[in-house]
Protein chains: 2
Amino acid sequence: MEDLDPRFVRADSKWLARHRVEPGGAVDLASIPSVGGRKLDKKSARKAYRRSVRKLSELQEKFYADGRFAMLVVFQAMDAGGKDSTIRNVLGPLNPQGCRVSSFKVPHSEEAAHDYLWRIHRAAPARGMIGVFNRSHYEDVLVVRVKNLVEEERWRRRYEHINQFEKMLSDEGTVIVKFFLHISNEYQRKRLQRRLDRPDKHWKFSPADLAERARWPKYTEAFEEALARCSTPHAPWHIIPAENRWYRNLAVARILLATMRKLDLSYPEVTFDPSEIKLT
Amino acid sequence: MEDLDPRFVRADSKWLARHRVEPGGAVDLASIPSVGGRKLDKKSARKAYRRSVRKLSELQEKFYADGRFAMLVVFQAMDAGGKDSTIRNVLGPLNPQGCRVSSFKVPHSEEAAHDYLWRIHRAAPARGMIGVFNRSHYEDVLVVRVKNLVEEERWRRRYEHINQFEKMLSDEGTVIVKFFLHISNEYQRKRLQRRLDRPDKHWKFSPADLAERARWPKYTEAFEEALARCSTPHAPWHIIPAENRWYRNLAVARILLATMRKLDLSYPEVTFDPSEIKLT
């Protein structure tokens, strides 16, 4: 038995399916709870999360040694959805040599002078490495759509570009896992208020956040379409209820662990006989 | 009092000086102990190390928010000197979004088609970020010298290039700290033997390691000259006795913490009045 509480012993396959967006289905965020783990005991869940992260960290060395796969973990969310915190809690404990976080902000001039996948491709993880994207190419069908930065005809084509790009990465050895951290409008208000209330958090707030918040319905629509159209067998989206941070951390850690376990990793065969080597 | 044991309450300035190579001095590695912390209690040292790493991690957010500085941490050592393990133990607990490790291996063709500082400069940390180099431009006066990959006249000029390059980085806001993890020849033998003895460590061993080990005296000479010539006030080298890993971790963590504390970091002033903003 892996965890004491039987509710955490759920098989890997169940964790993989639990929050996954089924390819081809529709997504209605209002019907999906943004608070997770209501029936779970918080303390046991925290313990299970720590255990999963430790196992993930152990497997990471084998993943690196095996060297056949790269792993790409994508995080998207509304503002204040907890991307930074999730990355810190779940990916932070990994060996930093094998894990690289890329944060995609407003494209700078060299990036903007290229197609939108150019900067993404450059940041793709090498074999043996885990690449974490804090925001991603999905911004090009989210903020770009909501703020009308390009014409509809142009962003509409992108769902297919993205699916094909991710298919190529997957065919060439990159395992892709995507997480949408799901929060409610009211929860966002509370989190933003907290940034205003705490002087050491003021720097995280920008008056521009208010304008973004006012676009909540448009973002919801954009997310729903992106999640529905770009959840594929080779690069599934997971909608994680993110308002209980302990549940969010547990779910993300368990999904990553389950994904890595499916890879059947092994240490590479060595071409020498260790017993024949004498060190002096 | 920061730590219970008075031997760990050493002021930051003492930690900064303790293992530093004085600019302009000579380095004789044989006269410097490779086993650290002989007079310390291992358990208290471990506790102090954990505490230092926690404080470093707290300060890292302020460092990021402040945004005036970048930090570059360089690790060099003989093979099996513990670079990977130190990076994992001391830098691993930081927020991975603000910390990026670059491992410099044999230059690939595009890298080799440029000057030796080209790939280094590309990996330099941005302001707010901590960049960690596992090996570095110093390989260009170490392995390159030992294996005669370029003529002596050419690698000899590089000490000055490196000092000037690091001076420019420092002038432009990058704080540089360099660590040489110091081990004995016998300790290296034991660590390599361990890789041969453990099947899950075989992949870390290469028969080429034997040839490198045979060049120990030449590497020692090359390190001594690099450490002596390139320890500057703006980019000091520290020689860390690395055979007690708990002491090594403590010393590296305390030196980084002391370096960061000297920066007098602050949260940036915001240009809006948080009390005037109403979230709905």
# chains A, B, ... in the order shown; residues from 1 in each chain; ligands from 1
$ closest_atom_pairs --of "chain B" --to "chain A" --cutoff "8 Å" --atoms "only C-alpha atoms" --output "JSON lines"
{"residue": "B:Ala65", "atom": "CA", "partner": "A:Trp203", "partner_atom": "CA", "distance": 6.9}
{"residue": "B:Asp84", "atom": "CA", "partner": "A:Gln97", "partner_atom": "CA", "distance": 7.7}
{"residue": "B:Ile87", "atom": "CA", "partner": "A:Pro96", "partner_atom": "CA", "distance": 7.7}
{"residue": "B:Arg88", "atom": "CA", "partner": "A:Asn95", "partner_atom": "CA", "distance": 5.6}
{"residue": "B:Leu91", "atom": "CA", "partner": "A:Pro96", "partner_atom": "CA", "distance": 7.5}
{"residue": "B:Gly92", "atom": "CA", "partner": "A:Pro96", "partner_atom": "CA", "distance": 5.5}
{"residue": "B:Pro93", "atom": "CA", "partner": "A:Pro93", "partner_atom": "CA", "distance": 6.3}
{"residue": "B:Leu94", "atom": "CA", "partner": "A:Gly92", "partner_atom": "CA", "distance": 7.1}
{"residue": "B:Asn95", "atom": "CA", "partner": "A:Arg88", "partner_atom": "CA", "distance": 5.6}
{"residue": "B:Pro96", "atom": "CA", "partner": "A:Gly92", "partner_atom": "CA", "distance": 5.5}
{"residue": "B:Gln97", "atom": "CA", "partner": "A:Val101", "partner_atom": "CA", "distance": 5.5}
{"residue": "B:Arg100", "atom": "CA", "partner": "A:Arg100", "partner_atom": "CA", "distance": 6.5}
{"residue": "B:Val101", "atom": "CA", "partner": "A:Gln97", "partner_atom": "CA", "distance": 5.5}
{"residue": "B:Ser102", "atom": "CA", "partner": "A:Gln97", "partner_atom": "CA", "distance": 7.4}
{"residue": "B:Ser103", "atom": "CA", "partner": "A:Gln97", "partner_atom": "CA", "distance": 7.7}
{"residue": "B:Arg189", "atom": "CA", "partner": "A:Leu279", "partner_atom": "CA", "distance": 6.4}
{"residue": "B:Leu192", "atom": "CA", "partner": "A:Leu279", "partner_atom": "CA", "distance": 7.9}
{"residue": "B:Gln193", "atom": "CA", "partner": "A:Leu279", "partner_atom": "CA", "distance": 6.9}
{"residue": "B:Leu196", "atom": "CA", "partner": "A:Pro274", "partner_atom": "CA", "distance": 5.4}
{"residue": "B:Asp197", "atom": "CA", "partner": "A:Pro274", "partner_atom": "CA", "distance": 7.4}
{"residue": "B:Asp200", "atom": "CA", "partner": "A:Tyr267", "partner_atom": "CA", "distance": 6.8}
{"residue": "B:His202", "atom": "CA", "partner": "A:Val270", "partner_atom": "CA", "distance": 6.8}
{"residue": "B:Trp203", "atom": "CA", "partner": "A:Val270", "partner_atom": "CA", "distance": 6.3}
{"residue": "B:Pro207", "atom": "CA", "partner": "A:Phe272", "partner_atom": "CA", "distance": 7.6}
{"residue": "B:Leu210", "atom": "CA", "partner": "A:Leu279", "partner_atom": "CA", "distance": 7.5}
{"residue": "B:Tyr267", "atom": "CA", "partner": "A:Asp200", "partner_atom": "CA", "distance": 6.8}
{"residue": "B:Pro268", "atom": "CA", "partner": "A:Trp203", "partner_atom": "CA", "distance": 6.5}
{"residue": "B:Glu269", "atom": "CA", "partner": "A:Trp203", "partner_atom": "CA", "distance": 7.5}
{"residue": "B:Val270", "atom": "CA", "partner": "A:Trp203", "partner_atom": "CA", "distance": 6.3}
{"residue": "B:Phe272", "atom": "CA", "partner": "A:Pro207", "partner_atom": "CA", "distance": 7.6}
{"residue": "B:Pro274", "atom": "CA", "partner": "A:Leu196", "partner_atom": "CA", "distance": 5.3}
{"residue": "B:Ser275", "atom": "CA", "partner": "A:Leu196", "partner_atom": "CA", "distance": 7.4}
{"residue": "B:Leu279", "atom": "CA", "partner": "A:Arg189", "partner_atom": "CA", "distance": 6.5}
{"residue": "B:Thr280", "atom": "CA", "partner": "A:Arg189", "partner_atom": "CA", "distance": 7.0}
$ write_last_selection --atoms "C-alpha atoms" --output "short mmCIF file (atom, residue, chain, number, x, y, z; two decimals), in the first residue's frame"
data_model
loop_
_atom_site.label_atom_id
_atom_site.label_comp_id
_atom_site.auth_asym_id
_atom_site.auth_seq_id
_atom_site.Cartn_x
_atom_site.Cartn_y
_atom_site.Cartn_z
CA ALA B 65 11.58 41.54 -6.77
CA ASP B 84 26.28 17.81 -8.86
CA ILE B 87 24.19 22.08 -6.60
CA ARG B 88 21.39 19.75 -5.64
CA LEU B 91 20.71 25.47 -4.88
CA GLY B 92 18.06 22.75 -5.23
CA PRO B 93 15.82 24.15 -2.48
CA LEU B 94 15.55 27.55 -4.19
CA ASN B 95 12.56 28.55 -6.29
CA PRO B 96 13.29 26.89 -9.65
CA GLN B 97 11.72 29.81 -11.49
CA ARG B 100 18.83 28.09 -13.73
CA VAL B 101 21.65 25.54 -13.90
CA SER B 102 23.85 25.35 -17.00
CA SER B 103 26.16 22.37 -17.43
CA ARG B 189 39.57 6.97 -6.11
CA LEU B 192 34.97 6.43 -8.65
CA GLN B 193 35.19 2.95 -7.12
CA LEU B 196 31.87 0.81 -10.30
CA ASP B 197 30.49 -1.07 -7.31
CA ASP B 200 22.70 1.95 -10.56
CA HIS B 202 27.56 2.42 -13.65
CA TRP B 203 26.11 4.89 -16.16
CA PRO B 207 36.54 4.36 -18.94
CA LEU B 210 40.71 6.65 -15.84
CA TYR B 267 11.12 45.59 -2.69
CA PRO B 268 10.61 48.11 -5.49
CA GLU B 269 8.39 51.13 -4.81
CA VAL B 270 5.02 50.81 -6.49
CA PHE B 272 0.02 53.24 -7.34
CA PRO B 274 -2.83 50.12 -2.94
CA SER B 275 -5.47 51.55 -0.60
CA LEU B 279 -11.46 44.97 -6.46
CA THR B 280 -14.92 43.87 -7.45
#
$ select_by_dssp --residues "segment 28-91 of chain A" --states "helix (DSSP H, G or I)" --output "PyMOL selection string"
chain A and resi 29-31+42-66+83-91
$ residues_around --residues "segment 223-239 of chain B" --least-positions-apart "2" --cutoff "8 Å" --atoms "only C-alpha atoms" --output "ChimeraX atom specification"
/B:19-29,138,141-142,159,162-163,166-167,170,175-182,219-221,241
$ residues_around --residues "Leu256 of chain A" --least-positions-apart "5" --cutoff "12 Å" --atoms "only C-alpha atoms" --output "JSON, numbers by chain"
{"A": [12, 13, 15, 16, 49, 52, 53, 54, 55, 56, 57, 59, 60, 71, 72, 73, 74, 90, 91, 130, 132, 175, 176, 177, 178, 179, 236, 238, 249, 250, 251, 261, 262, 263]}
$ write_last_selection --atoms "N, CA and C atoms" --output "mmCIF file, in the first residue's frame"
data_model
loop_
_atom_site.group_PDB
_atom_site.id
_atom_site.type_symbol
_atom_site.label_atom_id
_atom_site.label_comp_id
_atom_site.auth_asym_id
_atom_site.auth_seq_id
_atom_site.Cartn_x
_atom_site.Cartn_y
_atom_site.Cartn_z
ATOM 1 N N ASP A 12 -2.363 4.698 -10.462
ATOM 2 C CA ASP A 12 -1.852 5.726 -11.368
ATOM 3 C C ASP A 12 -2.845 6.012 -12.489
ATOM 4 N N SER A 13 -3.415 4.945 -13.039
ATOM 5 C CA SER A 13 -4.296 5.138 -14.189
ATOM 6 C C SER A 13 -5.511 5.996 -13.812
ATOM 7 N N TRP A 15 -5.491 8.384 -11.468
ATOM 8 C CA TRP A 15 -5.032 9.779 -11.390
ATOM 9 C C TRP A 15 -4.871 10.375 -12.783
ATOM 10 N N LEU A 16 -4.378 9.554 -13.702
ATOM 11 C CA LEU A 16 -4.189 10.066 -15.063
ATOM 12 C C LEU A 16 -5.519 10.462 -15.698
ATOM 13 N N TYR A 49 1.295 14.002 -0.853
ATOM 14 C CA TYR A 49 1.948 14.899 -1.809
ATOM 15 C C TYR A 49 3.464 14.863 -1.626
ATOM 16 N N SER A 52 4.844 11.695 -2.964
ATOM 17 C CA SER A 52 4.845 11.653 -4.430
ATOM 18 C C SER A 52 5.998 12.471 -4.983
ATOM 19 N N VAL A 53 6.244 13.629 -4.366
ATOM 20 C CA VAL A 53 7.313 14.490 -4.838
ATOM 21 C C VAL A 53 8.672 13.802 -4.618
ATOM 22 N N ARG A 54 8.791 13.109 -3.493
ATOM 23 C CA ARG A 54 10.043 12.400 -3.213
ATOM 24 C C ARG A 54 10.264 11.290 -4.244
ATOM 25 N N LYS A 55 9.198 10.573 -4.566
ATOM 26 C CA LYS A 55 9.327 9.495 -5.561
ATOM 27 C C LYS A 55 9.643 10.045 -6.943
ATOM 28 N N LEU A 56 9.021 11.172 -7.251
ATOM 29 C CA LEU A 56 9.256 11.811 -8.544
ATOM 30 C C LEU A 56 10.734 12.197 -8.644
ATOM 31 N N SER A 57 11.249 12.716 -7.556
ATOM 32 C CA SER A 57 12.630 13.142 -7.487
ATOM 33 C C SER A 57 13.592 11.952 -7.646
ATOM 34 N N LEU A 59 12.819 9.111 -9.239
ATOM 35 C CA LEU A 59 12.680 8.647 -10.624
ATOM 36 C C LEU A 59 13.391 9.564 -11.606
ATOM 37 N N GLN A 60 13.516 10.835 -11.234
ATOM 38 C CA GLN A 60 14.138 11.812 -12.133
ATOM 39 C C GLN A 60 15.564 11.403 -12.513
ATOM 40 N N MET A 71 10.671 15.629 -20.943
ATOM 41 C CA MET A 71 9.323 15.838 -20.412
ATOM 42 C C MET A 71 9.011 17.329 -20.423
ATOM 43 N N LEU A 72 7.828 17.653 -20.928
ATOM 44 C CA LEU A 72 7.403 19.046 -20.981
ATOM 45 C C LEU A 72 6.137 19.210 -20.155
ATOM 46 N N VAL A 73 6.206 20.071 -19.157
ATOM 47 C CA VAL A 73 5.067 20.293 -18.264
ATOM 48 C C VAL A 73 4.592 21.734 -18.451
ATOM 49 N N VAL A 74 3.368 21.901 -18.894
ATOM 50 C CA VAL A 74 2.836 23.232 -19.202
ATOM 51 C C VAL A 74 1.833 23.667 -18.126
ATOM 52 N N VAL A 90 5.812 21.617 -6.482
ATOM 53 C CA VAL A 90 5.877 20.284 -7.083
ATOM 54 C C VAL A 90 7.176 20.046 -7.847
ATOM 55 N N LEU A 91 7.634 21.051 -8.591
ATOM 56 C CA LEU A 91 8.849 20.863 -9.365
ATOM 57 C C LEU A 91 10.087 21.340 -8.604
ATOM 58 N N ILE A 130 13.597 17.834 -17.781
ATOM 59 C CA ILE A 130 12.198 18.203 -17.577
ATOM 60 C C ILE A 130 12.084 19.706 -17.807
ATOM 61 N N VAL A 132 9.696 23.029 -17.768
ATOM 62 C CA VAL A 132 8.441 23.504 -17.191
ATOM 63 C C VAL A 132 8.109 24.847 -17.818
ATOM 64 N N VAL A 175 7.575 13.786 -23.703
ATOM 65 C CA VAL A 175 6.322 13.459 -23.025
ATOM 66 C C VAL A 175 5.709 14.774 -22.567
ATOM 67 N N ILE A 176 4.475 15.040 -22.949
ATOM 68 C CA ILE A 176 3.860 16.343 -22.675
ATOM 69 C C ILE A 176 2.689 16.190 -21.702
ATOM 70 N N VAL A 177 2.695 17.007 -20.662
ATOM 71 C CA VAL A 177 1.593 17.018 -19.696
ATOM 72 C C VAL A 177 1.197 18.473 -19.471
ATOM 73 N N LYS A 178 -0.081 18.776 -19.605
ATOM 74 C CA LYS A 178 -0.521 20.163 -19.496
ATOM 75 C C LYS A 178 -1.532 20.330 -18.369
ATOM 76 N N PHE A 179 -1.347 21.373 -17.584
ATOM 77 C CA PHE A 179 -2.233 21.623 -16.454
ATOM 78 C C PHE A 179 -2.890 22.995 -16.559
ATOM 79 N N PRO A 236 -2.210 15.563 -23.261
ATOM 80 C CA PRO A 236 -3.497 15.845 -22.623
ATOM 81 C C PRO A 236 -3.475 17.071 -21.720
ATOM 82 N N HIS A 238 -5.098 18.747 -18.291
ATOM 83 C CA HIS A 238 -5.757 18.355 -17.045
ATOM 84 C C HIS A 238 -6.303 19.625 -16.404
ATOM 85 N N ASN A 249 -1.542 20.572 -5.270
ATOM 86 C CA ASN A 249 -0.177 20.038 -5.256
ATOM 87 C C ASN A 249 -0.175 18.513 -5.365
ATOM 88 N N LEU A 250 -1.078 17.889 -4.617
ATOM 89 C CA LEU A 250 -1.156 16.423 -4.647
ATOM 90 C C LEU A 250 -1.519 15.939 -6.051
ATOM 91 N N ALA A 251 -2.530 16.554 -6.645
ATOM 92 C CA ALA A 251 -3.001 16.094 -7.952
ATOM 93 C C ALA A 251 -1.919 16.257 -9.021
ATOM 94 N N ARG A 261 6.034 7.024 -14.437
ATOM 95 C CA ARG A 261 6.063 5.578 -14.187
ATOM 96 C C ARG A 261 5.698 4.773 -15.422
ATOM 97 N N LYS A 262 4.848 5.354 -16.260
ATOM 98 C CA LYS A 262 4.412 4.627 -17.454
ATOM 99 C C LYS A 262 5.544 4.445 -18.471
ATOM 100 N N LEU A 263 6.646 5.179 -18.272
ATOM 101 C CA LEU A 263 7.694 5.188 -19.294
ATOM 102 C C LEU A 263 8.593 3.958 -19.266
#
$ select_by_dssp --residues "segment 101-279 of chain B" --states "strand (DSSP E)" --output "list in words"
Val101, Ser102, Ser103, Ile130, Gly131, Val132, Phe133, Asn134, Thr174, Val175, Ile176, Val177, Lys178, Phe179, Phe180, Leu181, His182, Trp237, His238, Ile239, Ile240 and Pro241 of chain B
